[in-house]
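**Q** Below you will find the structure I want to go over with you.
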Amino acid sequence: LKALGDGNKQGAHAYLADLSCICSLSFSPLLSDMIVDVIYSLTSTCERSFPLLIAEALYAIHCGSLRDDYDRRNIARGAINAVHGNVQMMGLLSAASFSLFFPLLRYVILNPAVGMEAVEAAVEMVGRHYRDEDLPRSAIVGVMVEVMSQNARLRKSASEILHRNCSFLAPDDIGELLDGCLATFPAVRVTCLEGLRRVQGLPGPEPHPALLSTLFLLQHDEDATVASMASEIASSCNLKTDTLEPEQLTKLLAHPHENARKAAGDCLSTLIKQSPGLASDLVAQLK
């Protein structure tokens with residue numbers, strides 16, 4: 001792997017952006033000392049050079065159990081500053097480079113203990129990268145959903161980034177967005193539904209398995225705006241409840257968010273009223 005990186009300056013990192021398989025070797029006493037050098041060789045194949053610190057940060061994040069939290073945060077903070085400075089001076093990263101560094105960006109954004117200056121720098125970088133077709137859109141959306149749920153200070157920026165990326169999502173790649181539609185805060189649910197509106201070609205040739213159940217559930221949401229938006233999107237997608245699989249709703253009865261559990265119960269009640277024959281099947285599923 002190191003030879004591949006050292007011998008291919010035209011972008012070996014594009015083929016090995018997911019470092020999980022490489023970092024899994026770090027638990028071997030014979031190989032652990034080589035992993036950072038391998039990652040550094042990959043970062044060296046980017047269209048611009050990055051310091052060894054970046055490789056060390058990626059290693060620390062992918063192999064979290066091998067570093068204590070304080071050490072990992074310090075390394076990540078320095079790495080984000082290095083990447084941010086590079087982007088400011090030399091412009092946007094390629095999609096392949098962005099994908100390679102995305103675990104670092106995600107770690108910093110979701111760990112305020114790294115420092116708000118670093119968090120804001122990471123959010124800014126994610127926000128600036130949106131034009132390239134090959135960016136990890138779904139992963140970006142998932143991170144922004146978490147930011148909106150956890151960090152009121154960054155909620156506006158996160159919602160803008162989410163909406164920008166939703167315009168590039170494929171209809172079958174909306175799982176993270178649908179998860180966000182079930183978030184605890186109504187404002188986050190509204191933002192994610194607005195993102196769903198922006199997905200081109202929704203529902204697609206084969207609708208996402210969770211699209212109908214999510215929209216049907218949200219039509220029973222306690223927030224009137226959420227319920228109205230869900231009904232509108234379901235109608236525009238021409239989704240019919242007669243194709244709904246009830247077991248999708250019974251699973252949501254165990255959802256970690258109370259609003260989703262309550263709405264799932266209301267949905268099941270509606271289904272039973274519409275089709276009393278479903279009652280025995282639903283009871284069997286709940287046993």
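Here, A, B, ... name the chains of the structure tokens in the order displayed, residue numbers run from 1 inside each chain, and ligands are numbered from 1 in the same displayed order.
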Using only C-alpha atoms, which residues sit within 8 Å of segment 160-162 of chain A once same-chain residues fewer than 2 positions away are excluded, as a list in words?
**A**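 Within the cut-off, the hits are Val126, Gly127, Ile140, Val141, Met144, Val145, Lys156, Ser157, Ala158, Arg164, Asn165, Cys166, Cys192 and Gly195 of chain A.
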**Q** Mind checking DSSP for segment 27-173 of chain A and telling me the alpha helix (DSSP H) residues as a PyMOL selection string?
**A** chain A and resi 35-43+52-62+69-90+95-109+116-128+137-150+155-166
**Q** Name all residues at most 9 Å from Thr225 of chain A (count only C-alpha atoms; drop same-chain ones fewer than 5 positions away) and give them as a ChimeraX atom specification.
**A** /A:186,190,230
**Q** If you count only C-alpha atoms, which residues fall within 12 Å of segment 120-125 of chain A, apart from same-chain ones fewer than 2 positions away, as a ChimeraX atom specification?
**A** /A:76-88,91-93,98,101-112,114-118,127-130,140,143-144,147-148,151,153-162
**Q** Identify, on the basis of only C-alpha atoms, every residue whose closest approach to segment 47-64 of chain A does not exceed 7 Å; exclude the query and any residue fewer than 3 positions from it along the same chain; express the result as a ChimeraX atom specification.
**A** /A:20,23,36,39-40,43-44,67,72,75-76,79,104
**Q** Please dump the current selection as a PDB file, in the first residue's frame; keep N, CA and C atoms.
**A**
ATOM      1  N   SER A  20     -10.600   2.640   6.745  1.00  0.00           N
ATOM      2  CA  SER A  20     -10.943   1.642   7.761  1.00  0.00           C
ATOM      3  C   SER A  20     -10.178   0.341   7.567  1.00  0.00           C
ATOM      4  N   CYS A  23      -6.548   0.949   8.587  1.00  0.00           N
ATOM      5  CA  CYS A  23      -6.373   1.157  10.028  1.00  0.00           C
ATOM      6  C   CYS A  23      -6.692  -0.094  10.838  1.00  0.00           C
ATOM      7  N   VAL A  36       0.744   4.985   9.963  1.00  0.00           N
ATOM      8  CA  VAL A  36       0.801   6.425   9.718  1.00  0.00           C
ATOM      9  C   VAL A  36       1.585   6.720   8.441  1.00  0.00           C
ATOM     10  N   ILE A  39      -0.676   6.036   5.477  1.00  0.00           N
ATOM     11  CA  ILE A  39      -1.661   7.107   5.282  1.00  0.00           C
ATOM     12  C   ILE A  39      -0.984   8.361   4.740  1.00  0.00           C
ATOM     13  N   TYR A  40       0.206   8.651   5.246  1.00  0.00           N
ATOM     14  CA  TYR A  40       0.935   9.827   4.753  1.00  0.00           C
ATOM     15  C   TYR A  40       1.267   9.674   3.269  1.00  0.00           C
ATOM     16  N   THR A  43      -1.901  10.620   1.490  1.00  0.00           N
ATOM     17  CA  THR A  43      -2.147  12.067   1.459  1.00  0.00           C
ATOM     18  C   THR A  43      -1.166  12.763   0.526  1.00  0.00           C
ATOM     19  N   SER A  44      -0.014  12.159   0.329  1.00  0.00           N
ATOM     20  CA  SER A  44       0.979  12.753  -0.570  1.00  0.00           C
ATOM     21  C   SER A  44       0.565  12.647  -2.033  1.00  0.00           C
ATOM     22  N   ARG A  67      -5.832   5.790  21.177  1.00  0.00           N
ATOM     23  CA  ARG A  67      -5.438   7.119  21.641  1.00  0.00           C
ATOM     24  C   ARG A  67      -6.404   7.572  22.725  1.00  0.00           C
ATOM     25  N   ARG A  72      -6.238  12.808  21.068  1.00  0.00           N
ATOM     26  CA  ARG A  72      -6.918  12.794  19.773  1.00  0.00           C
ATOM     27  C   ARG A  72      -7.470  14.177  19.430  1.00  0.00           C
ATOM     28  N   ILE A  75      -4.563  16.532  18.356  1.00  0.00           N
ATOM     29  CA  ILE A  75      -4.080  16.219  17.009  1.00  0.00           C
ATOM     30  C   ILE A  75      -5.086  16.693  15.966  1.00  0.00           C
ATOM     31  N   ALA A  76      -6.370  16.441  16.228  1.00  0.00           N
ATOM     32  CA  ALA A  76      -7.411  16.835  15.277  1.00  0.00           C
ATOM     33  C   ALA A  76      -7.469  18.349  15.121  1.00  0.00           C
ATOM     34  N   ALA A  79      -4.655  19.436  12.922  1.00  0.00           N
ATOM     35  CA  ALA A  79      -4.860  18.994  11.544  1.00  0.00           C
ATOM     36  C   ALA A  79      -5.903  19.854  10.834  1.00  0.00           C
ATOM     37  N   LEU A 104     -12.003  13.332   9.407  1.00  0.00           N
ATOM     38  CA  LEU A 104     -11.419  14.354  10.278  1.00  0.00           C
ATOM     39  C   LEU A 104     -12.407  15.505  10.470  1.00  0.00           C
TER      40      LEU A 104
END
